[in-house]
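Structure file target33.cif (mmCIF, C-alpha atoms) follows.
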```
data_input
#
loop_
_atom_site.label_atom_id
_atom_site.label_comp_id
_atom_site.auth_asym_id
_atom_site.auth_seq_id
_atom_site.Cartn_x
_atom_site.Cartn_y
_atom_site.Cartn_z
CA MET A 919 -27.17 31.89 -21.69
CA LEU A 920 -23.41 31.51 -21.44
CA ASP A 921 -21.92 29.83 -24.50
CA LEU A 922 -18.78 27.93 -23.68
CA SER A 923 -19.46 25.23 -26.22
CA LYS A 924 -16.62 26.24 -28.54
CA TYR A 925 -14.11 24.86 -26.09
CA THR A 926 -12.91 21.28 -25.68
CA PRO A 927 -14.34 19.92 -23.53
CA ALA A 928 -17.46 21.98 -24.12
CA ILE A 929 -19.25 23.52 -21.18
CA GLU A 930 -22.98 24.05 -21.44
CA ILE A 931 -24.51 26.19 -18.73
CA LYS A 932 -28.24 25.79 -19.23
CA ILE A 933 -29.22 28.26 -16.56
CA ASP A 934 -30.69 31.62 -17.52
CA GLU A 935 -31.80 33.24 -14.30
CA PRO A 936 -29.51 34.87 -11.78
CA GLY A 937 -29.37 33.24 -8.39
CA VAL A 938 -27.56 30.80 -6.16
CA TYR A 939 -27.64 27.22 -7.36
CA LEU A 940 -26.61 24.25 -5.25
CA PHE A 941 -25.22 21.07 -6.72
CA PRO A 942 -26.62 17.78 -5.41
CA ASN A 943 -25.07 16.09 -2.40
CA SER A 944 -23.16 13.58 -4.49
CA SER A 945 -19.54 12.80 -5.25
CA SER A 946 -17.63 12.34 -8.46
CA GLU A 947 -19.95 14.22 -10.78
CA GLY A 948 -17.40 16.62 -12.24
CA LYS A 949 -17.80 19.62 -9.95
CA THR A 950 -14.11 20.16 -9.21
CA TYR A 951 -13.32 19.54 -12.86
CA LEU A 952 -15.82 22.26 -13.78
CA CYS A 953 -14.24 24.55 -11.20
CA SER A 954 -10.80 24.12 -12.74
CA MET A 955 -12.12 24.64 -16.26
CA LEU A 956 -13.91 27.85 -15.30
CA LYS A 957 -10.73 29.12 -13.66
CA GLU A 958 -8.78 28.40 -16.84
CA LEU A 959 -11.37 30.27 -18.90
CA SER A 960 -11.63 33.24 -16.55
CA PRO A 961 -9.15 35.40 -18.47
CA TYR A 962 -11.20 34.95 -21.65
CA GLU A 963 -14.82 34.54 -20.60
CA ARG A 964 -17.14 36.13 -18.06
CA VAL A 965 -16.71 33.23 -15.66
CA ASP A 966 -14.62 32.46 -12.64
CA SER A 967 -14.36 30.04 -9.77
CA LEU A 968 -13.07 29.75 -6.24
CA THR A 969 -11.92 26.78 -4.25
CA PHE A 970 -10.72 26.36 -0.68
CA SER A 971 -7.01 26.68 -1.42
CA GLU A 972 -7.56 30.10 -3.01
CA ILE A 973 -9.55 31.89 -0.34
CA VAL A 974 -6.57 33.41 1.43
CA THR A 975 -5.17 35.06 -1.71
CA THR A 976 -8.43 35.99 -3.39
CA ASP A 977 -9.57 39.60 -3.67
CA THR A 978 -13.32 39.32 -3.09
CA ALA A 979 -13.97 42.70 -4.68
CA VAL A 980 -12.52 41.36 -7.91
CA LEU A 981 -14.06 37.91 -7.59
CA PHE A 982 -17.65 38.99 -6.92
CA ASP A 983 -17.74 41.71 -9.58
CA ASN A 984 -20.87 41.65 -11.75
CA ASP A 985 -19.19 44.00 -14.21
CA ARG A 986 -16.45 41.45 -14.77
CA ILE A 987 -18.27 38.11 -14.76
CA ASP A 988 -21.72 36.57 -15.13
CA LEU A 989 -21.04 33.18 -13.55
CA LEU A 990 -19.09 32.18 -10.49
CA MET A 991 -18.57 28.73 -9.07
CA LEU A 992 -17.68 28.12 -5.42
CA ASP A 993 -16.13 24.69 -5.04
CA ARG A 994 -15.70 22.98 -1.65
CA TYR A 995 -17.78 25.67 0.06
CA ASP A 996 -18.20 23.39 3.10
CA MET A 997 -14.56 24.14 3.87
CA TYR A 998 -15.13 27.91 4.03
CA ARG A 999 -18.78 27.84 4.97
CA GLY A 1000 -20.27 31.13 6.07
CA MET A 1001 -17.71 33.22 4.23
CA PHE A 1002 -18.62 35.79 1.58
CA LEU A 1003 -22.36 35.48 2.27
CA ASP A 1004 -23.07 39.15 1.60
CA GLU A 1005 -20.97 39.07 -1.54
CA ILE A 1006 -22.76 35.93 -2.76
CA LYS A 1007 -26.18 37.46 -2.21
CA ARG A 1008 -25.22 40.67 -3.91
CA PHE A 1009 -23.61 38.97 -6.91
CA ALA A 1010 -26.55 36.58 -7.32
CA THR A 1011 -28.98 39.44 -7.91
CA ALA A 1012 -27.51 39.77 -11.40
CA GLY A 1013 -25.25 36.75 -11.82
CA ILE A 1014 -25.23 33.00 -11.42
CA VAL A 1015 -23.47 31.40 -8.46
CA LEU A 1016 -22.92 27.65 -8.57
CA VAL A 1017 -22.10 26.23 -5.16
CA ASP A 1018 -20.69 22.87 -4.13
CA CYS A 1019 -21.96 22.65 -0.57
CA LYS A 1020 -22.97 19.33 0.96
CA THR A 1021 -23.47 19.79 4.68
CA TYR A 1022 -23.93 23.52 5.25
CA GLN A 1023 -27.32 25.16 5.03
CA MET A 1024 -26.83 28.33 3.00
CA PRO A 1025 -28.72 31.16 4.79
CA MET A 1026 -30.36 32.43 1.65
CA HIS A 1027 -32.78 31.35 -1.03
CA VAL A 1028 -31.13 28.74 -3.22
CA LYS A 1029 -32.15 26.69 -6.23
CA SER A 1030 -30.94 23.29 -7.31
CA CYS A 1031 -28.91 22.42 -10.34
CA GLY A 1032 -27.49 19.26 -11.78
CA ILE A 1033 -24.15 18.55 -13.40
CA TYR A 1034 -23.65 15.95 -16.11
CA LEU A 1035 -20.22 14.85 -17.24
CA TYR A 1036 -19.66 13.36 -20.66
CA ALA A 1037 -16.50 12.41 -22.50
CA ASP A 1038 -16.45 15.63 -24.49
CA LYS A 1039 -18.64 18.03 -22.57
CA LEU A 1040 -19.98 19.04 -19.24
CA VAL A 1041 -23.54 20.24 -18.79
CA VAL A 1042 -24.96 22.23 -15.90
CA MET A 1043 -28.73 22.64 -15.75
CA MET B 344 -10.91 -3.57 13.32
CA SER B 345 -13.97 -1.50 12.37
CA LEU B 346 -14.79 1.80 10.74
CA ASN B 347 -15.38 4.15 13.66
CA VAL B 348 -18.08 6.67 12.89
CA TYR B 349 -18.49 9.77 15.02
CA LEU B 350 -21.51 12.00 14.65
CA SER B 351 -21.18 15.76 14.82
CA GLY B 352 -23.84 17.16 17.10
CA VAL B 353 -24.23 13.83 18.88
CA ASP B 354 -20.80 12.60 19.99
CA SER B 355 -18.51 14.61 22.18
CA LEU B 356 -15.67 15.77 19.98
CA ASP B 357 -13.54 17.30 22.72
CA ASN B 358 -10.88 14.62 22.68
CA LEU B 359 -10.81 14.08 18.95
CA SER B 360 -8.19 15.55 16.67
CA ILE B 361 -10.15 16.09 13.50
CA GLU B 362 -8.66 16.60 10.08
CA ARG B 363 -11.01 18.47 7.75
CA ASP B 364 -9.10 18.98 4.54
CA VAL B 365 -9.19 15.66 2.71
CA GLU B 366 -7.60 17.16 -0.38
CA TYR B 367 -4.55 18.01 1.69
CA LEU B 368 -4.52 14.64 3.50
CA PHE B 369 -4.75 12.79 0.21
CA LYS B 370 -1.47 14.32 -0.88
CA MET B 371 0.16 12.19 1.81
CA VAL B 372 -1.56 8.95 0.85
CA THR B 373 0.20 6.23 -1.11
CA LEU B 374 -2.19 4.15 -3.17
CA ASP B 375 -0.93 0.61 -3.27
CA GLY B 376 -3.53 -0.98 -5.50
CA CYS B 377 -5.13 -2.99 -2.72
CA GLU B 378 -8.65 -4.27 -3.16
CA TYR B 379 -10.06 -1.25 -1.36
CA ASP B 380 -8.27 1.21 -3.67
CA LYS B 381 -9.62 -0.64 -6.67
CA LYS B 382 -13.10 -0.83 -5.21
CA ILE B 383 -13.38 2.88 -4.43
CA LEU B 384 -12.05 3.92 -7.82
CA SER B 385 -14.51 1.53 -9.41
CA VAL B 386 -17.70 2.24 -7.48
CA VAL B 387 -17.30 5.96 -6.79
CA GLU B 388 -15.20 7.17 -9.72
CA LYS B 389 -16.51 4.56 -12.16
CA GLY B 390 -12.87 4.14 -13.14
CA LEU B 391 -9.93 1.84 -12.66
CA TYR B 392 -6.86 1.89 -10.49
CA LEU B 393 -3.67 2.18 -12.51
CA ASP B 394 -0.92 3.05 -10.08
CA ASN B 395 -0.12 5.46 -7.28
CA LEU B 396 0.02 8.43 -9.66
CA TYR B 397 -2.69 7.78 -12.23
CA PHE B 398 -6.07 6.21 -12.68
CA ILE B 399 -8.31 5.43 -15.64
CA ASP B 400 -11.45 7.56 -15.57
CA ARG B 401 -14.94 6.50 -16.61
CA PHE B 402 -14.24 7.50 -20.21
CA GLY B 403 -11.08 5.43 -20.45
CA SER B 404 -8.70 8.35 -20.10
CA LYS B 405 -5.56 8.17 -18.01
CA LEU B 406 -5.72 10.96 -15.43
CA SER B 407 -3.54 12.18 -12.63
CA ARG B 408 -4.71 11.13 -9.19
CA LYS B 409 -5.30 14.80 -8.42
CA TYR B 410 -8.49 14.53 -10.48
CA ILE B 411 -9.97 11.89 -8.22
CA SER B 412 -13.11 13.35 -6.64
CA THR B 413 -13.06 14.74 -3.12
CA GLY B 414 -15.43 12.01 -1.96
CA SER B 415 -13.17 9.27 -3.27
CA LYS B 416 -10.16 10.97 -1.75
CA ALA B 417 -11.89 10.99 1.61
CA ALA B 418 -12.62 7.28 1.26
CA LEU B 419 -9.01 6.56 0.43
CA VAL B 420 -7.66 8.75 3.24
CA LEU B 421 -9.88 6.94 5.72
CA TYR B 422 -8.42 3.60 4.77
CA HIS B 423 -4.78 4.58 4.39
CA MET B 424 -4.63 6.91 7.41
CA PRO B 425 -6.60 4.94 10.00
CA ASP B 426 -5.21 6.92 12.93
CA VAL B 427 -6.71 10.19 11.67
CA VAL B 428 -10.29 11.26 12.33
CA VAL B 429 -11.44 12.41 8.91
CA TRP B 430 -14.22 14.95 8.52
CA GLY B 431 -16.85 13.67 6.12
CA GLY B 432 -18.53 17.03 5.51
CA GLU B 433 -17.36 17.13 1.91
CA VAL B 434 -18.36 13.58 1.09
CA GLY B 435 -21.49 13.06 -0.95
CA CYS B 436 -24.13 10.61 0.17
CA ASP B 437 -23.24 8.12 -2.51
CA ALA B 438 -19.58 8.05 -1.52
CA LEU B 439 -20.52 7.90 2.19
CA THR B 440 -22.55 4.80 1.49
CA GLU B 441 -19.66 3.16 -0.34
CA ILE B 442 -17.34 4.03 2.54
CA VAL B 443 -19.66 2.33 4.99
CA LYS B 444 -19.97 -0.68 2.71
CA PHE B 445 -16.32 -1.28 2.03
CA CYS B 446 -14.18 0.47 4.63
CA SER B 447 -13.63 -1.51 7.80
CA ARG B 448 -11.03 0.68 9.44
CA GLY B 449 -10.31 4.32 10.13
CA ALA B 450 -12.36 7.03 11.79
CA LEU B 451 -14.97 9.22 10.13
CA LEU B 452 -16.75 12.25 11.52
CA MET B 453 -20.13 12.62 9.88
CA GLU B 454 -22.36 15.67 9.95
CA ALA B 455 -25.26 13.75 11.45
CA SER B 456 -28.06 16.04 10.39
CA HIS B 457 -26.82 16.52 6.83
CA SER B 458 -25.55 13.10 5.92
CA CYS B 459 -27.29 10.15 4.40
CA ILE B 460 -26.52 6.51 3.92
CA PHE B 461 -28.45 4.51 1.37
CA GLY B 462 -29.65 1.02 2.19
CA GLU B 463 -29.93 -1.71 -0.40
CA VAL B 464 -32.60 -4.20 -1.37
CA ASP B 465 -30.16 -7.00 -0.64
CA ASP B 466 -28.59 -6.02 2.64
CA MET B 467 -24.83 -6.05 2.95
CA ALA B 468 -22.48 -6.89 5.78
CA VAL B 469 -20.61 -3.89 7.17
CA ASP B 470 -18.22 -3.37 10.06
CA VAL B 471 -19.06 -0.05 11.71
CA MET B 472 -18.77 1.15 15.29
CA CYS B 473 -21.04 4.07 16.08
CA GLN B 474 -22.33 5.37 19.40
CA GLY B 475 -20.95 2.30 21.14
CA LYS B 476 -22.83 -0.10 18.90
CA HIS B 477 -21.28 -2.47 16.41
CA TYR B 478 -23.26 -2.46 13.17
CA THR B 479 -22.90 -5.45 10.86
CA SER B 480 -25.87 -4.64 8.63
CA LEU B 481 -25.77 -1.83 6.06
CA ASN B 482 -29.53 -1.36 6.19
CA GLU B 483 -29.60 -1.23 9.96
CA PHE B 484 -26.89 1.42 10.03
CA ALA B 485 -28.55 3.34 7.20
CA GLU B 486 -31.84 3.31 9.08
CA TYR B 487 -30.12 4.59 12.20
CA ILE B 488 -28.47 7.45 10.35
CA MET B 489 -31.51 8.37 8.33
CA GLU B 490 -34.19 8.05 11.00
CA ASP B 491 -32.75 8.10 14.48
CA VAL B 492 -30.06 10.77 14.32
#
```
Re-express the file's structure as structure tokens.
Amino acid sequence: MLDLSKYTPAIEIKIDEPGVYLFPNSSSEGKTYLCSMLKELSPYERVDSLTFSEIVTTDTAVLFDNDRIDLLMLDRYDMYRGMFLDEIKRFATAGIVLVDCKTYQMPMHVKSCGIYLYADKLVVM
Amino acid sequence: MSLNVYLSGVDSLDNLSIERDVEYLFKMVTLDGCEYDKKILSVVEKGLYLDNLYFIDRFGSKLSRKYISTGSKAALVLYHMPDVVVWGGEVGCDALTEIVKFCSRGALLMEASHSCIFGEVDDMAVDVMCQGKHYTSLNEFAEYIMEDV
């Protein structure tokens, strides 16, 4: 299990198994906040994130690299729906992909996860 | 004036100019602290309006408006840019419901088959135009979206 609890705010990722995990279809839960925190930590931890404004400049070979990271979050995936599907499937065989996707049906097996925002930590389970 | 709701997959969208990126649109919105601004920041963000640049989040922290959630931004864009058809594909069901409850102007394109509106035990008055019908009941509109579309 990834341990990002030493940071402030702490991030607890209580997911052990590789796969694609979809957040619930709700607003204002802390998803974009999590995305920005994971991006900030990406130089130091085996995590990374992607949001819509970054898709043009992102090198997918670097982003979806299981040797580099264990967890990847895709924020606002509705805005770039259908992109990187092969890369997502391949990465999710050994890593965790968290996806914010409200109105697009991902063409792959997905699981559900929840996100819980507190004053001093953020929990994903 | 009413909130005009268009349904993707149901309404003809040929003559509509649709704006999909609410994060980008929100950058052009000026929050003026009207009752709607305060309501959305309260019910969706669980926070408080402070001014055009900052809000108070649910934990009492002063945050830049850029940290307002995408769903809240969509709600605010709808109200402050009523001439734009705003895509609601990134808006969660909870925020969609609050938009229907409190926004009585603007134009929203909903993904009909993937959207939901929650009714309430005590029905509320709304002002929504959809498919040529004027809805004044939240529960009636919610039932239409959830069961008939």
For chain B against chain A, with a cut-off of 6 Å and counting all atoms listed in the file, what is the closest atom pair and its distance in Å to one decimal for every residue that makes the cut, ordered by chain and number, as JSON lines?
```
{"residue": "B:Glu388", "atom": "CA", "partner": "A:Ser946", "partner_atom": "CA", "distance": 5.8}
{"residue": "B:Phe402", "atom": "CA", "partner": "A:Ala1037", "partner_atom": "CA", "distance": 5.9}
{"residue": "B:Ser412", "atom": "CA", "partner": "A:Ser946", "partner_atom": "CA", "distance": 5.0}
{"residue": "B:Gly414", "atom": "CA", "partner": "A:Ser945", "partner_atom": "CA", "distance": 5.3}
{"residue": "B:Gly432", "atom": "CA", "partner": "A:Thr1021", "partner_atom": "CA", "distance": 5.7}
{"residue": "B:Gly435", "atom": "CA", "partner": "A:Ser944", "partner_atom": "CA", "distance": 3.9}
{"residue": "B:Cys436", "atom": "CA", "partner": "A:Ser944", "partner_atom": "CA", "distance": 5.6}
{"residue": "B:Asp437", "atom": "CA", "partner": "A:Ser944", "partner_atom": "CA", "distance": 5.8}
{"residue": "B:His457", "atom": "CA", "partner": "A:Thr1021", "partner_atom": "CA", "distance": 5.2}
```
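Comparing the minimum interatomic distances between Ile361 in chain B and each of B:Leu374, B:Val429, B:Leu391, B:Val469, counting all atoms listed in the file, we find that B:Val429 sits nearest.
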For this session: Between CA of Phe982 in chain A and CA of Gly1013 in chain A, measure the distance and give it in Å to one decimal.
Result: 9.3 Å
Exercise. Written as a ChimeraX atom specification, which residues does the PyMOL selection byres ((chain A and resi 965-969) around 8) give for the file shown?
Worked result: /A:953-954,956-957,959-960,963-964,970-973,981,987-995
For this session: Compile the contact shell of Lys381 in chain B as an MDAnalysis selection string: residues with an atom at most 8 Å away, counting only C-alpha atoms, same-chain residues fewer than 4 positions apart removed.
Result: chainID B and resid 376:377 385 391:392
For this session: Quick one: apply the PyMOL selection byres ((chain B and resi 489) around 9) to the file and drop the selected residues here as JSON, numbers by chain.
Result: {"B": [455, 456, 458, 459, 460, 461, 484, 485, 486, 487, 488, 490, 491, 492]}
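Note that the spacing between CA of Ala928 in chain A and CA of Tyr962 in chain A amounts to 14.6 Å.
Residue nearest Val471 in chain B within the list B:Val372, B:Val434, B:Val443, B:Leu452: B:Val443 [criterion: smallest interatomic distance, all atoms listed in the file].
Here CA of Leu481 in chain B and CA of Arg363 in chain B stand 25.2 Å from one another.
Once the PyMOL selection byres ((chain B and resi 404) around 12) is applied to the depicted file, the selected set reads Ala1037 and Asp1038 of chain A; Lys389, Gly390, Leu391, Tyr392, Leu393, Tyr397, Phe398, Ile399, Asp400, Arg401, Phe402, Gly403, Lys405, Leu406, Ser407, Arg408 and Tyr410 of chain B.
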Can you take the partial range 1027-1043 of chain A, add N, CA, C and O atoms, and return it as a PDB file, in the coordinates of the input?
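This went into out_15.pdb:
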```
ATOM      1  N   HIS A1027     -31.992  32.144  -0.097  1.00  0.00           N
ATOM      2  CA  HIS A1027     -32.780  31.350  -1.030  1.00  0.00           C
ATOM      3  C   HIS A1027     -31.839  30.733  -2.067  1.00  0.00           C
ATOM      4  O   HIS A1027     -31.008  31.433  -2.658  1.00  0.00           O
ATOM      5  N   VAL A1028     -31.960  29.420  -2.235  1.00  0.00           N
ATOM      6  CA  VAL A1028     -31.130  28.740  -3.220  1.00  0.00           C
ATOM      7  C   VAL A1028     -32.006  27.878  -4.112  1.00  0.00           C
ATOM      8  O   VAL A1028     -33.107  27.480  -3.744  1.00  0.00           O
ATOM      9  N   LYS A1029     -31.496  27.611  -5.302  1.00  0.00           N
ATOM     10  CA  LYS A1029     -32.150  26.690  -6.230  1.00  0.00           C
ATOM     11  C   LYS A1029     -31.234  25.503  -6.411  1.00  0.00           C
ATOM     12  O   LYS A1029     -30.086  25.505  -5.960  1.00  0.00           O
ATOM     13  N   SER A1030     -31.733  24.476  -7.061  1.00  0.00           N
ATOM     14  CA  SER A1030     -30.940  23.290  -7.310  1.00  0.00           C
ATOM     15  C   SER A1030     -30.489  23.250  -8.759  1.00  0.00           C
ATOM     16  O   SER A1030     -31.178  23.752  -9.650  1.00  0.00           O
ATOM     17  N   CYS A1031     -29.341  22.662  -8.967  1.00  0.00           N
ATOM     18  CA  CYS A1031     -28.910  22.420 -10.340  1.00  0.00           C
ATOM     19  C   CYS A1031     -28.259  21.048 -10.382  1.00  0.00           C
ATOM     20  O   CYS A1031     -27.890  20.480  -9.350  1.00  0.00           O
ATOM     21  N   GLY A1032     -28.152  20.540 -11.597  1.00  0.00           N
ATOM     22  CA  GLY A1032     -27.490  19.260 -11.780  1.00  0.00           C
ATOM     23  C   GLY A1032     -26.281  19.442 -12.668  1.00  0.00           C
ATOM     24  O   GLY A1032     -26.175  20.404 -13.415  1.00  0.00           O
ATOM     25  N   ILE A1033     -25.352  18.521 -12.568  1.00  0.00           N
ATOM     26  CA  ILE A1033     -24.150  18.550 -13.400  1.00  0.00           C
ATOM     27  C   ILE A1033     -23.989  17.190 -14.045  1.00  0.00           C
ATOM     28  O   ILE A1033     -24.135  16.158 -13.379  1.00  0.00           O
ATOM     29  N   TYR A1034     -23.717  17.192 -15.339  1.00  0.00           N
ATOM     30  CA  TYR A1034     -23.650  15.950 -16.110  1.00  0.00           C
ATOM     31  C   TYR A1034     -22.364  15.930 -16.909  1.00  0.00           C
ATOM     32  O   TYR A1034     -22.130  16.810 -17.744  1.00  0.00           O
ATOM     33  N   LEU A1035     -21.558  14.943 -16.636  1.00  0.00           N
ATOM     34  CA  LEU A1035     -20.220  14.850 -17.240  1.00  0.00           C
ATOM     35  C   LEU A1035     -20.234  13.825 -18.363  1.00  0.00           C
ATOM     36  O   LEU A1035     -20.647  12.682 -18.165  1.00  0.00           O
ATOM     37  N   TYR A1036     -19.788  14.255 -19.521  1.00  0.00           N
ATOM     38  CA  TYR A1036     -19.660  13.360 -20.660  1.00  0.00           C
ATOM     39  C   TYR A1036     -18.195  13.355 -21.106  1.00  0.00           C
ATOM     40  O   TYR A1036     -17.387  14.129 -20.604  1.00  0.00           O
ATOM     41  N   ALA A1037     -17.893  12.511 -22.049  1.00  0.00           N
ATOM     42  CA  ALA A1037     -16.500  12.410 -22.500  1.00  0.00           C
ATOM     43  C   ALA A1037     -16.000  13.717 -23.099  1.00  0.00           C
ATOM     44  O   ALA A1037     -14.842  14.090 -22.942  1.00  0.00           O
ATOM     45  N   ASP A1038     -16.899  14.438 -23.787  1.00  0.00           N
ATOM     46  CA  ASP A1038     -16.450  15.630 -24.490  1.00  0.00           C
ATOM     47  C   ASP A1038     -17.149  16.909 -24.052  1.00  0.00           C
ATOM     48  O   ASP A1038     -16.931  17.970 -24.647  1.00  0.00           O
ATOM     49  N   LYS A1039     -17.978  16.818 -23.039  1.00  0.00           N
ATOM     50  CA  LYS A1039     -18.640  18.030 -22.570  1.00  0.00           C
ATOM     51  C   LYS A1039     -19.132  17.870 -21.150  1.00  0.00           C
ATOM     52  O   LYS A1039     -19.204  16.771 -20.606  1.00  0.00           O
ATOM     53  N   LEU A1040     -19.450  19.005 -20.586  1.00  0.00           N
ATOM     54  CA  LEU A1040     -19.980  19.040 -19.240  1.00  0.00           C
ATOM     55  C   LEU A1040     -21.190  19.969 -19.261  1.00  0.00           C
ATOM     56  O   LEU A1040     -21.102  21.086 -19.782  1.00  0.00           O
ATOM     57  N   VAL A1041     -22.289  19.490 -18.734  1.00  0.00           N
ATOM     58  CA  VAL A1041     -23.540  20.240 -18.790  1.00  0.00           C
ATOM     59  C   VAL A1041     -24.003  20.565 -17.375  1.00  0.00           C
ATOM     60  O   VAL A1041     -24.037  19.687 -16.501  1.00  0.00           O
ATOM     61  N   VAL A1042     -24.376  21.809 -17.180  1.00  0.00           N
ATOM     62  CA  VAL A1042     -24.960  22.230 -15.900  1.00  0.00           C
ATOM     63  C   VAL A1042     -26.362  22.756 -16.200  1.00  0.00           C
ATOM     64  O   VAL A1042     -26.545  23.607 -17.063  1.00  0.00           O
ATOM     65  N   MET A1043     -27.361  22.196 -15.505  1.00  0.00           N
ATOM     66  CA  MET A1043     -28.730  22.640 -15.750  1.00  0.00           C
ATOM     67  C   MET A1043     -29.577  22.492 -14.504  1.00  0.00           C
ATOM     68  O   MET A1043     -29.193  21.800 -13.569  1.00  0.00           O
TER      69      MET A1043
END
```
